[in-house]
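Undergrad: File target20.txt follows (compact mmCIF, C-alpha atoms and all ligand atoms):
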```
# COMPACT_ATOMS: atom_id res chain seq x y z
CA LEU S 1 -46.14 43.01 -26.94
CA ASP S 2 -49.38 44.77 -27.81
CA ASN S 3 -50.18 47.12 -24.96
CA GLY S 4 -53.30 48.44 -26.64
CA LYS S 5 -54.17 52.13 -26.47
CA SER S 6 -51.71 54.52 -24.88
CA LYS S 7 -52.56 56.04 -21.51
CA ASN S 8 -52.71 59.50 -23.06
CA GLU S 9 -55.14 58.33 -25.71
CA ILE S 10 -57.45 56.87 -23.07
CA VAL S 11 -57.20 59.92 -20.79
CA ASN S 12 -58.07 62.25 -23.68
CA TYR S 13 -60.99 60.13 -24.83
CA ARG S 14 -62.38 59.94 -21.30
CA LYS S 15 -62.19 63.73 -20.91
CA LYS S 16 -63.97 64.38 -24.16
CA HIS S 17 -66.49 61.58 -24.46
CA LEU S 18 -67.08 59.91 -21.10
CA GLY S 19 -68.25 62.85 -19.06
CA LYS S 20 -65.97 65.13 -17.08
CA THR S 21 -67.13 63.93 -13.68
CA LEU S 22 -65.22 60.63 -13.90
CA SER S 23 -62.17 60.76 -11.66
CA LEU S 24 -58.86 58.89 -11.80
CA SER S 25 -56.61 57.58 -9.06
CA TYR S 26 -53.05 58.94 -8.82
CA LYS S 27 -51.22 61.89 -10.41
CA GLU S 28 -50.01 59.53 -13.15
CA PRO S 29 -52.95 57.17 -13.72
CA LEU S 30 -52.47 53.44 -14.01
CA LYS S 31 -53.63 51.27 -16.85
CA ILE S 32 -54.79 47.97 -15.39
CA VAL S 33 -55.48 45.05 -17.70
CA ARG S 34 -55.71 41.93 -15.54
CA GLY S 35 -56.47 40.85 -11.99
CA GLN S 36 -55.86 37.73 -9.94
CA GLY S 37 -56.33 37.11 -6.22
CA ALA S 38 -55.31 40.25 -4.32
CA TYR S 39 -53.24 41.57 -7.26
CA LEU S 40 -53.84 43.80 -10.27
CA TYR S 41 -51.52 43.92 -13.28
CA ASN S 42 -50.67 46.81 -15.59
CA GLU S 43 -50.18 46.62 -19.36
CA TYR S 44 -46.58 45.45 -18.89
CA GLY S 45 -47.50 42.68 -16.46
CA THR S 46 -46.27 44.55 -13.36
CA PRO S 47 -48.20 43.31 -10.30
CA TYR S 48 -49.78 45.70 -7.80
CA LEU S 49 -51.06 44.61 -4.40
CA ASP S 50 -54.68 45.80 -4.19
CA MET S 51 -55.41 47.18 -0.73
CA VAL S 52 -58.55 49.03 -1.72
CA ASN S 53 -60.89 46.89 -3.77
CA ASN S 54 -63.71 45.65 -1.59
CA VAL S 55 -65.67 44.52 -4.64
CA CYS S 56 -63.51 41.66 -5.94
CA HIS S 57 -64.03 40.19 -2.52
CA VAL S 58 -62.98 36.54 -3.00
CA GLY S 59 -60.11 37.60 -5.25
CA HIS S 60 -59.98 39.20 -8.67
CA CYS S 61 -61.38 36.88 -11.34
CA HIS S 62 -61.85 33.93 -8.99
CA PRO S 63 -62.04 30.89 -11.32
CA LYS S 64 -65.16 29.41 -9.67
CA VAL S 65 -67.03 32.69 -9.94
CA VAL S 66 -65.88 33.22 -13.51
CA SER S 67 -66.95 29.76 -14.65
CA ALA S 68 -70.31 30.00 -12.86
CA GLY S 69 -70.98 33.18 -14.85
CA GLN S 70 -69.65 31.80 -18.11
CA ASN S 71 -71.70 28.61 -17.88
CA GLN S 72 -74.95 30.39 -17.14
CA LEU S 73 -74.28 33.10 -19.77
CA ALA S 74 -73.92 30.38 -22.37
CA LYS S 75 -77.25 28.83 -21.36
CA LEU S 76 -79.79 31.52 -20.53
CA ASN S 77 -80.12 35.07 -19.31
CA THR S 78 -83.63 36.49 -18.91
CA ASN S 79 -85.68 38.56 -16.50
CA THR S 80 -87.61 37.16 -13.54
CA ARG S 81 -90.95 36.73 -15.34
CA TYR S 82 -90.13 33.08 -16.06
CA LEU S 83 -89.61 30.44 -13.41
CA HIS S 84 -85.98 29.56 -12.83
CA ASP S 85 -84.10 27.58 -10.16
CA ASN S 86 -81.18 29.98 -9.75
CA ILE S 87 -83.07 32.80 -8.06
CA VAL S 88 -84.58 30.38 -5.54
CA GLU S 89 -81.29 28.61 -4.83
CA TYR S 90 -79.47 31.90 -4.44
CA SER S 91 -82.07 33.61 -2.26
CA GLU S 92 -82.29 30.55 0.00
CA LYS S 93 -78.53 30.53 0.46
CA LEU S 94 -78.33 34.28 1.10
CA LEU S 95 -81.30 34.38 3.49
CA ALA S 96 -79.81 31.47 5.46
CA THR S 97 -76.97 33.82 6.48
CA MET S 98 -79.40 36.42 7.86
CA PRO S 99 -81.35 36.59 11.14
CA GLU S 100 -84.60 34.64 10.80
CA LYS S 101 -86.86 37.68 10.79
CA LEU S 102 -85.18 38.95 7.59
CA SER S 103 -86.84 36.54 5.22
CA VAL S 104 -87.51 38.43 1.98
CA CYS S 105 -84.83 39.02 -0.64
CA MET S 106 -85.23 41.52 -3.51
CA LEU S 107 -82.49 41.48 -6.13
CA VAL S 108 -81.26 44.61 -7.90
CA ASN S 109 -78.12 45.79 -9.72
CA SER S 110 -76.14 48.24 -7.62
CA GLY S 111 -75.74 49.46 -4.07
CA SER S 112 -77.45 52.72 -5.01
CA GLU S 113 -80.41 50.87 -6.42
CA ALA S 114 -80.61 48.73 -3.27
CA ASN S 115 -80.72 51.81 -1.01
CA GLU S 116 -83.21 53.52 -3.33
CA LEU S 117 -85.55 50.52 -3.01
CA ALA S 118 -84.90 50.32 0.74
CA PHE S 119 -86.07 53.94 1.12
CA ARG S 120 -89.26 53.19 -0.82
CA LEU S 121 -89.95 50.11 1.30
CA ALA S 122 -89.40 52.06 4.51
CA GLN S 123 -91.57 54.97 3.38
CA ASN S 124 -94.40 52.65 2.41
CA PHE S 125 -94.23 50.85 5.72
CA THR S 126 -94.00 53.88 8.02
CA GLY S 127 -95.99 56.33 5.93
CA SER S 128 -93.25 58.88 6.59
CA LYS S 129 -90.47 60.27 4.43
CA GLN S 130 -88.50 61.75 7.35
CA LEU S 131 -84.98 60.34 7.15
CA LEU S 132 -82.12 60.20 9.63
CA THR S 133 -78.65 59.75 8.22
CA VAL S 134 -75.18 59.79 9.74
CA ASP S 135 -72.95 62.80 9.07
CA GLY S 136 -70.26 62.10 6.46
CA ALA S 137 -72.05 59.03 5.08
CA TYR S 138 -72.33 57.98 1.45
CA HIS S 139 -75.20 55.77 0.30
CA GLY S 140 -75.19 56.00 -3.48
CA ASN S 141 -75.52 58.01 -6.67
CA THR S 142 -79.28 58.25 -7.37
CA SER S 143 -81.25 61.38 -6.42
CA ALA S 144 -82.68 59.82 -3.24
CA CYS S 145 -79.29 58.37 -2.30
CA ILE S 146 -77.52 61.71 -2.77
CA GLU S 147 -80.17 63.29 -0.56
CA ALA S 148 -79.33 60.65 2.06
CA SER S 149 -75.57 61.23 1.76
CA PRO S 150 -74.06 64.16 3.73
CA TYR S 151 -70.74 63.30 2.03
CA LYS S 152 -72.39 64.49 -1.19
CA PHE S 153 -75.02 67.08 -0.23
CA ASP S 154 -72.59 68.85 2.11
CA GLY S 155 -69.64 68.39 -0.25
CA PRO S 156 -68.54 70.14 -3.46
CA GLY S 157 -71.52 70.73 -5.75
CA GLY S 158 -73.97 69.74 -2.99
CA LYS S 159 -77.13 71.65 -2.14
CA GLY S 160 -77.28 70.92 1.61
CA ALA S 161 -79.84 68.74 3.38
CA ALA S 162 -83.34 68.43 1.91
CA ASP S 163 -86.12 69.36 4.35
CA TYR S 164 -86.99 65.72 5.12
CA VAL S 165 -83.34 64.76 5.81
CA HIS S 166 -81.84 65.01 9.30
CA LYS S 167 -78.17 64.46 10.00
CA VAL S 168 -77.10 62.70 13.18
CA THR S 169 -73.62 63.07 14.69
CA LEU S 170 -70.93 60.79 13.26
CA PRO S 171 -70.12 58.32 16.06
CA ASP S 172 -66.35 58.58 15.70
CA PRO S 173 -64.57 57.60 18.95
CA TYR S 174 -61.23 59.07 17.75
CA ARG S 175 -62.02 62.47 16.28
CA GLY S 176 -65.75 62.86 16.90
CA LYS S 177 -67.82 65.13 19.11
CA TYR S 178 -67.50 62.58 21.94
CA GLN S 179 -64.20 60.73 22.14
CA GLY S 180 -63.29 57.39 23.68
CA GLU S 181 -64.80 53.94 23.96
CA ASN S 182 -67.79 54.60 26.18
CA THR S 183 -69.51 57.23 24.10
CA ALA S 184 -72.44 55.26 22.64
CA THR S 185 -74.95 56.88 24.99
CA ASP S 186 -73.68 60.41 24.24
CA TYR S 187 -74.05 59.82 20.52
CA ALA S 188 -77.45 58.16 21.01
CA ASN S 189 -78.60 61.17 23.04
CA ASP S 190 -77.82 63.35 20.02
CA VAL S 191 -80.07 61.09 17.93
CA ALA S 192 -82.80 61.38 20.56
CA GLN S 193 -82.57 65.16 20.20
CA VAL S 194 -82.92 64.97 16.40
CA ILE S 195 -85.97 62.73 16.83
CA ALA S 196 -87.47 65.20 19.33
CA ASP S 197 -86.90 68.03 16.83
CA ILE S 198 -88.68 66.09 14.07
CA GLU S 199 -91.62 65.38 16.37
CA ALA S 200 -91.74 68.99 17.56
CA LYS S 201 -92.44 69.95 13.95
CA GLY S 202 -95.41 67.61 13.94
CA GLU S 203 -93.65 65.01 11.79
CA GLN S 204 -93.08 61.31 12.44
CA VAL S 205 -89.73 59.54 12.13
CA GLY S 206 -89.56 57.32 9.05
CA THR S 207 -86.16 55.83 8.34
CA PHE S 208 -82.75 55.64 9.97
CA ILE S 209 -80.00 54.58 7.56
CA CYS S 210 -76.55 53.73 8.84
CA GLU S 211 -73.61 51.74 7.54
CA SER S 212 -72.75 48.97 9.97
CA LEU S 213 -69.22 50.43 9.95
CA GLN S 214 -68.60 53.87 8.42
CA GLY S 215 -66.61 53.61 5.18
CA VAL S 216 -66.43 56.89 3.27
CA ALA S 217 -66.79 58.87 6.52
CA GLY S 218 -63.40 57.52 7.61
CA GLN S 219 -63.17 53.76 8.26
CA ILE S 220 -64.80 54.20 11.66
CA ILE S 221 -65.71 51.58 14.24
CA MET S 222 -68.74 52.87 16.16
CA PRO S 223 -68.65 52.70 19.97
CA GLU S 224 -70.07 49.45 21.34
CA GLY S 225 -73.81 49.62 21.90
CA TYR S 226 -74.44 52.58 19.59
CA LEU S 227 -76.73 50.81 17.15
CA THR S 228 -78.62 48.98 19.91
CA GLN S 229 -79.50 52.29 21.53
CA VAL S 230 -80.26 54.16 18.33
CA TYR S 231 -82.38 51.36 16.81
CA GLN S 232 -84.44 51.40 20.00
CA LEU S 233 -84.96 55.16 19.82
CA VAL S 234 -85.90 55.04 16.13
CA ARG S 235 -88.32 52.14 16.63
CA ASN S 236 -89.93 53.74 19.67
CA ALA S 237 -90.58 56.77 17.46
CA GLY S 238 -92.25 54.58 14.81
CA GLY S 239 -89.32 54.41 12.39
CA VAL S 240 -87.44 51.57 10.72
CA CYS S 241 -83.71 50.91 10.57
CA ILE S 242 -81.71 50.23 7.43
CA ALA S 243 -78.24 48.68 7.72
CA ASP S 244 -76.15 49.57 4.68
CA GLU S 245 -73.78 46.61 4.32
CA VAL S 246 -72.75 47.54 0.78
CA GLN S 247 -69.08 47.98 1.77
CA VAL S 248 -68.71 45.90 4.88
CA GLY S 249 -70.77 42.74 4.43
CA PHE S 250 -69.99 39.17 3.37
CA GLY S 251 -67.53 38.19 6.10
CA ARG S 252 -65.12 41.11 5.85
CA VAL S 253 -65.32 41.82 9.60
CA GLY S 254 -64.11 38.29 10.30
CA THR S 255 -66.11 37.51 13.42
CA HIS S 256 -69.43 37.58 11.58
CA MET S 257 -70.87 37.41 8.11
CA TRP S 258 -72.58 40.80 8.58
CA ALA S 259 -71.10 43.82 10.28
CA PHE S 260 -74.42 44.72 12.00
CA GLU S 261 -73.96 41.50 14.01
CA THR S 262 -70.93 43.07 15.71
CA GLN S 263 -73.33 45.65 17.18
CA ASN S 264 -75.82 42.98 18.26
CA VAL S 265 -78.80 44.34 16.35
CA VAL S 266 -81.27 42.99 13.81
CA PRO S 267 -82.08 45.67 11.20
CA ASP S 268 -85.48 45.99 9.52
CA ILE S 269 -83.84 46.29 6.11
CA VAL S 270 -80.34 45.33 4.98
CA THR S 271 -78.80 46.52 1.72
CA LEU S 272 -76.02 44.55 0.03
CA GLY S 273 -73.83 45.35 -2.96
CA LYS S 274 -70.19 45.60 -4.03
CA PRO S 275 -68.74 42.17 -2.95
CA ILE S 276 -72.01 40.33 -3.59
CA GLY S 277 -71.07 39.47 -7.20
CA ASN S 278 -67.27 39.80 -6.93
CA GLY S 279 -67.40 42.57 -9.53
CA HIS S 280 -70.49 41.50 -11.45
CA PRO S 281 -73.09 44.27 -11.09
CA MET S 282 -75.68 42.96 -8.66
CA ALA S 283 -77.07 43.97 -5.26
CA ALA S 284 -79.85 43.01 -2.86
CA VAL S 285 -82.36 44.29 -0.33
CA ILE S 286 -83.23 41.95 2.52
CA THR S 287 -86.22 42.72 4.71
CA THR S 288 -89.02 41.41 6.86
CA GLN S 289 -92.26 39.87 5.62
CA ALA S 290 -94.25 42.78 7.09
CA ILE S 291 -92.23 45.48 5.33
CA ALA S 292 -92.26 43.58 2.03
CA ASP S 293 -96.05 43.10 2.33
CA ALA S 294 -96.63 46.82 2.95
CA PHE S 295 -95.00 47.48 -0.44
CA VAL S 296 -97.79 45.59 -2.21
CA ASN S 297 -100.21 48.26 -3.39
CA GLY S 298 -101.07 47.12 -6.90
CA MET S 299 -97.99 48.66 -8.52
CA GLU S 300 -95.62 46.09 -9.97
CA TYR S 301 -91.96 46.29 -9.00
CA PHE S 302 -90.18 45.28 -12.16
CA ASN S 303 -86.42 45.19 -12.53
CA THR S 304 -85.11 44.15 -15.97
CA PHE S 305 -81.78 42.77 -14.79
CA GLY S 306 -82.22 42.21 -11.05
CA GLY S 307 -82.22 38.52 -10.10
CA ASN S 308 -81.41 37.22 -13.57
CA PRO S 309 -80.03 33.66 -13.81
CA VAL S 310 -76.47 34.82 -14.55
CA SER S 311 -76.31 37.19 -11.55
CA CYS S 312 -77.79 34.51 -9.30
CA ALA S 313 -75.28 31.91 -10.51
CA ILE S 314 -72.46 34.33 -9.79
CA GLY S 315 -73.83 35.34 -6.38
CA ASN S 316 -74.19 31.67 -5.52
CA ALA S 317 -70.58 30.96 -6.44
CA VAL S 318 -69.38 33.90 -4.30
CA LEU S 319 -71.20 32.51 -1.24
CA ASP S 320 -69.80 29.03 -1.94
CA VAL S 321 -66.24 30.30 -2.25
CA ILE S 322 -66.46 32.32 0.99
CA LYS S 323 -67.51 29.12 2.76
CA GLN S 324 -65.26 26.59 0.99
CA GLU S 325 -62.13 28.70 1.30
CA ARG S 326 -62.99 29.84 4.84
CA LEU S 327 -62.50 33.43 3.83
CA GLN S 328 -64.38 34.92 6.77
CA GLU S 329 -61.88 33.17 9.08
CA ASN S 330 -59.09 34.44 6.85
CA ALA S 331 -60.37 38.00 7.22
CA LEU S 332 -60.32 37.52 10.98
CA THR S 333 -56.79 36.09 11.32
CA VAL S 334 -55.06 38.16 8.64
CA GLY S 335 -56.98 41.29 9.69
CA HIS S 336 -55.87 40.79 13.27
CA TYR S 337 -52.28 40.29 12.16
CA LEU S 338 -52.37 43.42 9.99
CA LEU S 339 -53.95 45.53 12.73
CA ASN S 340 -51.25 44.44 15.16
CA ARG S 341 -48.47 45.20 12.71
CA PHE S 342 -49.86 48.73 12.39
CA LYS S 343 -50.19 49.07 16.15
CA THR S 344 -46.49 48.17 16.45
CA LEU S 345 -45.66 50.74 13.80
CA GLN S 346 -47.72 53.29 15.73
CA GLU S 347 -45.35 52.87 18.70
CA GLU S 348 -42.49 53.99 16.50
CA TYR S 349 -44.10 56.67 14.34
CA SER S 350 -45.95 59.48 16.06
CA ILE S 351 -47.68 60.42 12.81
CA ILE S 352 -49.88 57.34 13.26
CA GLY S 353 -52.60 58.79 15.46
CA ASP S 354 -55.07 55.94 15.39
CA VAL S 355 -55.22 52.34 14.19
CA ARG S 356 -58.67 50.75 14.18
CA GLY S 357 -60.47 47.96 12.45
CA LEU S 358 -62.49 44.79 12.42
CA GLY S 359 -61.21 41.93 10.26
CA LEU S 360 -60.06 43.25 6.90
CA PHE S 361 -61.74 46.63 7.37
CA ILE S 362 -59.01 48.84 8.81
CA GLY S 363 -58.37 52.56 9.09
CA VAL S 364 -55.03 54.15 9.91
CA GLU S 365 -55.38 57.83 10.73
CA LEU S 366 -52.36 60.10 10.27
CA VAL S 367 -51.90 63.29 12.30
CA THR S 368 -49.08 65.82 12.55
CA ASP S 369 -49.66 66.11 16.30
CA ARG S 370 -51.22 63.47 18.51
CA GLU S 371 -52.53 66.02 21.00
CA THR S 372 -54.28 68.35 18.56
CA LYS S 373 -54.99 65.51 16.10
CA THR S 374 -54.18 67.88 13.22
CA PRO S 375 -54.80 65.84 10.05
CA ALA S 376 -51.59 64.91 8.17
CA THR S 377 -53.31 65.32 4.83
CA ASP S 378 -50.20 66.07 2.72
CA GLU S 379 -48.18 63.25 4.23
CA THR S 380 -51.04 60.79 3.69
CA GLY S 381 -51.24 61.78 0.01
CA LYS S 382 -47.47 61.37 -0.36
CA LEU S 383 -47.56 57.98 1.30
CA VAL S 384 -50.25 56.79 -1.12
CA GLU S 385 -48.10 57.90 -4.09
CA PHE S 386 -45.03 56.25 -2.52
CA ALA S 387 -46.94 52.99 -2.08
CA LYS S 388 -48.04 53.12 -5.72
CA ALA S 389 -44.41 53.58 -6.83
CA HIS S 390 -43.71 50.43 -4.79
CA GLN S 391 -46.55 48.44 -6.32
CA VAL S 392 -49.11 48.78 -3.56
CA LEU S 393 -52.49 50.36 -4.33
CA LEU S 394 -53.87 52.35 -1.47
CA SER S 395 -56.34 55.17 -1.02
CA THR S 396 -57.41 57.75 1.52
CA GLU S 397 -60.69 58.27 3.28
CA GLY S 398 -62.39 60.73 5.63
CA ARG S 399 -63.18 64.44 5.61
CA PHE S 400 -59.48 65.39 5.68
CA TYR S 401 -58.17 62.61 3.42
CA ASN S 402 -55.77 61.63 6.21
CA ILE S 403 -56.98 58.09 6.78
CA LEU S 404 -55.46 55.12 4.98
CA LYS S 405 -58.38 53.08 3.69
CA ILE S 406 -57.57 49.40 4.03
CA LYS S 407 -60.09 46.93 2.64
CA PRO S 408 -58.38 44.43 0.35
CA PRO S 409 -60.05 41.40 -1.22
CA ILE S 410 -60.48 38.96 1.67
CA VAL S 411 -58.16 36.38 0.07
CA PHE S 412 -55.42 38.71 1.34
CA SER S 413 -52.63 36.72 3.07
CA LYS S 414 -50.18 37.35 5.92
CA ARG S 415 -47.44 37.54 3.32
CA ASP S 416 -49.41 40.27 1.52
CA ALA S 417 -49.84 42.03 4.87
CA ASP S 418 -46.07 41.98 5.41
CA ILE S 419 -45.40 43.33 1.92
CA PHE S 420 -47.90 46.11 2.55
CA VAL S 421 -46.71 47.16 6.01
CA ASN S 422 -43.06 47.02 4.93
CA VAL S 423 -43.81 49.42 2.06
CA ILE S 424 -45.63 51.78 4.42
CA GLU S 425 -42.73 51.70 6.88
CA GLN S 426 -40.24 52.34 4.08
CA GLY S 427 -42.43 55.24 2.95
CA LEU S 428 -42.56 56.76 6.42
CA LYS S 429 -38.75 56.54 6.60
CA GLN S 430 -37.94 57.76 3.11
CA LEU S 431 -40.42 60.61 3.17
CA ASN S 432 -38.85 61.51 6.48
CA ILE S 433 -42.20 61.36 8.17
CA ASN S 434 -41.64 61.79 11.89
CA SER S 435 -40.80 58.93 14.17
CA ASN S 436 -41.18 58.93 17.95
N1 LIG F 501 -73.57 52.39 0.08
C1 LIG F 501 -72.27 52.46 0.44
C2 LIG F 501 -71.92 52.37 1.89
C3 LIG F 501 -71.27 52.61 -0.53
O1 LIG F 501 -70.00 52.68 -0.15
C4 LIG F 501 -71.64 52.68 -1.90
C5 LIG F 501 -70.59 52.82 -2.99
N2 LIG F 501 -69.38 53.35 -2.63
C6 LIG F 501 -73.00 52.62 -2.22
C7 LIG F 501 -73.92 52.45 -1.22
C8 LIG F 501 -73.46 52.71 -3.64
O2 LIG F 501 -73.15 51.56 -4.34
P1 LIG F 501 -73.01 51.56 -5.93
O3 LIG F 501 -71.81 52.38 -6.27
O4 LIG F 501 -72.88 50.09 -6.26
O5 LIG F 501 -74.27 52.12 -6.49
```
For this file, write the structure as structure tokens.
Ligand code: PMP
TA:
Amino acid sequence: LDNGKSKNEIVNYRKKHLGKTLSLSYKEPLKIVRGQGAYLYNEYGTPYLDMVNNVCHVGHCHPKVVSAGQNQLAKLNTNTRYLHDNIVEYSEKLLATMPEKLSVCMLVNSGSEANELAFRLAQNFTGSKQLLTVDGAYHGNTSACIEASPYKFDGPGGKGAADYVHKVTLPDPYRGKYQGENTATDYANDVAQVIADIEAKGEQVGTFICESLQGVAGQIIMPEGYLTQVYQLVRNAGGVCIADEVQVGFGRVGTHMWAFETQNVVPDIVTLGKPIGNGHPMAAVITTQAIADAFVNGMEYFNTFGGNPVSCAIGNAVLDVIKQERLQENALTVGHYLLNRFKTLQEEYSIIGDVRGLGLFIGVELVTDRETKTPATDETGKLVEFAKAHQVLLSTEGRFYNILKIKPPIVFSKRDADIFVNVIEQGLKQLNINSN
């Protein structure tokens, strides 16, 4: 059996030649060489259940997606300066899933690039650079995206908020400033205050960017009605609203194709990434005719790779597979099942402070004390290592790294859910993590 390079060899090379800012998962990193469905395999063929990867959405290396890419790669791959059917077929199919008013599709290569373009579109349309962003959010790795990401500019190595950037309170019904279900208006009032502060300085509101469900900030489900109220406030002040669906789009929430639909709003701009190409680097910005038209000022927008025939063929196959295999419905039923299994576990283990989720986007928050909600950061880390030792890949999320981040590929089955929850329960028992 040829296992290729040793782990040590790869680790050392990465440290020396690939830049020291790359990070690795786990104390003892894994070497992964193959993926299929909801599973990843190491160099010895050991399978690991992948609870984290929200990119290989329809399953790792889905054969229909792979062959769509292979076939088009063997035929043609060019930029968008020639006419080609794929970009039209793909855009038509993608736009058909969006509210009617969102009728322009611009194709790019990463979630960061999508948000970067979204900011430019919004600034052109409103004439204002003033940006509102949710505390704890992450929107990408480019300069403008870092400036829009409190997770980065307030985190290690960050330089704080730029003068045009205004944080709004994280609408977290469990641990946030206002707790409980009916807190949308309280959180919206905070946004109104931020808007008033911007206007008091003689500035005009430009853009409000918000994930339709908070990922990096802690797998949070916003209180019902939050986006409706905030969109109204932002629009009344002359601003536009971007929904970042990079993590949560494409049917993951189960009830809808897009997570913003669960909040009953229609954004002005939607950004898509991660699952869009099932691992192939592509992303998109969807917007209105009016915003797209305001971007036309004589300067060409050219993107070497965005919208190329291979990416479009792959994106097309991803949409087809979601539909043919009824994966949105699967996310709904299996997600519901998984959520309920965790809620049952919560009755037995007091360390489980909160269980929340929509479809296959779930957060399980661990606390050492349910009253004080003290984050069980150490225990969460240990549980993640325990799960890895039992062939389940899991990760943490949130400011205190005490939230189990659950967003598997949406081909995830009830059987996989049972395997996963049984490992977590075993971990809670063996690590002697408190039970009720
Ligand atoms: N927006 C959100 C919500 C994300 O989670 C990410 C990536 N984690 C991005 C944007 C940036 O996407 P990419 O890494 O593809 O540039």
Undergrad: What residues of the protein or nucleic acid chains come within 10 Å of ligand LIG 501 (chain F) when you use all atoms listed in the file? Reply as a VMD selection string.
TA: chain S and resid 54 to 55 109 to 116 137 to 142 145 to 146 149 210 to 217 243 to 248 271 to 275 279 281 to 283
Undergrad: What lies within 8 Å of region 64-70 of chain S using all atoms listed in the file, ignoring chain neighbours under 2 positions off, as a ChimeraX atom specification?
TA: /S:61-62,72-74,278,310-311,313-314,317-318,321
Undergrad: Which of these, S:Tyr82, S:Phe295, S:Tyr349, S:Phe361, has the shortest distance to Gln219 (chain S) once you count all atoms listed in the file?
TA: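 The shortest atom-to-atom distance to Gln219 (chain S) comes from S:Phe361.
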Undergrad: Between CA of Ala376 (chain S) and CA of Gly427 (chain S), what is the spacing in Å?
TA: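 Interatomic distance here is 14.3 Å.
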Undergrad: Can you tell me, as JSON, numbers by chain, what residues are no more than 10 Å from Asp85 (chain S) when counting all atoms listed in the file, ignoring any on the same chain fewer than 3 positions away?
TA: {"S": [88, 89, 90, 309, 312, 313]}
Undergrad: Go ahead and save the residues from that selection, with C-alpha atoms, as a PDB file, keeping the file's coordinate frame.
TA:
```pdb
ATOM      1  CA  VAL S  88     -84.580  30.380  -5.540  1.00  0.00           C
ATOM      2  CA  GLU S  89     -81.290  28.610  -4.830  1.00  0.00           C
ATOM      3  CA  TYR S  90     -79.470  31.900  -4.440  1.00  0.00           C
ATOM      4  CA  PRO S 309     -80.030  33.660 -13.810  1.00  0.00           C
ATOM      5  CA  CYS S 312     -77.790  34.510  -9.300  1.00  0.00           C
ATOM      6  CA  ALA S 313     -75.280  31.910 -10.510  1.00  0.00           C
TER       7      ALA S 313
END
```
Undergrad: So that I can check the surroundings of Val266 (chain S), please list as an MDAnalysis selection string every protein, DNA and RNA residue that reaches within 12 Å of it, counting all atoms listed in the file and ignoring chain neighbours fewer than 3 positions away.
TA: chainID S and resid 98:102 212 227:228 231:232 235 240:243 258:263 269:270 286:288
Undergrad: Can you check which parts of region 347-404 of chain S lie within 10 Å of region 25-44 of chain S? Per residue, the shortest pair of atoms and distance in Å to one decimal, counting all atoms listed in the file, sorted by chain and number, as a Markdown table.
TA:
```
| residue | atom | partner | partner_atom | distance |
| --- | --- | --- | --- | --- |
| S:Gly381 | CA | S:Tyr26 | CA | 9.5 |
| S:Val384 | CA | S:Tyr26 | CA | 8.5 |
| S:Glu385 | CA | S:Tyr26 | CA | 6.9 |
| S:Lys388 | CA | S:Tyr26 | CA | 8.3 |
| S:Gln391 | CA | S:Leu40 | CA | 9.5 |
| S:Val392 | CA | S:Tyr39 | CA | 9.1 |
| S:Leu393 | CA | S:Leu40 | CA | 9.0 |
| S:Leu394 | CA | S:Ser25 | CA | 9.6 |
| S:Ser395 | CA | S:Ser25 | CA | 8.4 |
```
Undergrad: I'd like the interatomic distance between CA of Ile322 (chain S) and CA of Asp268 (chain S), to a tenth of an Å.
TA: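 Straight-line distance from CA of Ile322 (chain S) to CA of Asp268 (chain S) works out to 24.9 Å.
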Undergrad: Extract, using all atoms listed in the file, all DNA, RNA and protein residues at most 12 Å from Arg415 (chain S), discarding same-chain residues fewer than 3 positions from it, and format them as a list in words.
TA: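 So, after excluding close chain neighbours, the residues are Ala38, Leu49, Val334, Tyr337, Leu338, Val411, Phe412, Asp418, Ile419, Phe420, Val421 and Asn422 of chain S.
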Undergrad: Please identify all polymer residues within 10 Å of Leu117 (chain S), counting all atoms listed in the file, omitting same-chain residues fewer than 5 positions from it, and present them as a PDB file with C-alpha atoms, in the coordinates of the input.
TA:
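The file below, out_35.pdb, is the result:
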```
ATOM      1  CA  MET S 106     -85.230  41.520  -3.510  1.00  0.00           C
ATOM      2  CA  VAL S 108     -81.260  44.610  -7.900  1.00  0.00           C
ATOM      3  CA  GLY S 111     -75.740  49.460  -4.070  1.00  0.00           C
ATOM      4  CA  SER S 112     -77.450  52.720  -5.010  1.00  0.00           C
ATOM      5  CA  ALA S 122     -89.400  52.060   4.510  1.00  0.00           C
ATOM      6  CA  GLN S 123     -91.570  54.970   3.380  1.00  0.00           C
ATOM      7  CA  ALA S 144     -82.680  59.820  -3.240  1.00  0.00           C
ATOM      8  CA  THR S 271     -78.800  46.520   1.720  1.00  0.00           C
ATOM      9  CA  ALA S 284     -79.850  43.010  -2.860  1.00  0.00           C
ATOM     10  CA  VAL S 285     -82.360  44.290  -0.330  1.00  0.00           C
ATOM     11  CA  TYR S 301     -91.960  46.290  -9.000  1.00  0.00           C
TER      12      TYR S 301
END
```
Undergrad: In Å, how far is it from CA of Ile424 (chain S) to CA of Lys407 (chain S)?
TA: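 One can read the CA of Ile424 (chain S) to CA of Lys407 (chain S) distance as 15.4 Å.
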Undergrad: Which is closest to Lys405 (chain S) among S:Gly357, S:Gly363, S:Gly251, S:Gly202, if we use only C-alpha atoms?
TA: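 Answer, going by the shortest atom-to-atom distance: S:Gly363.
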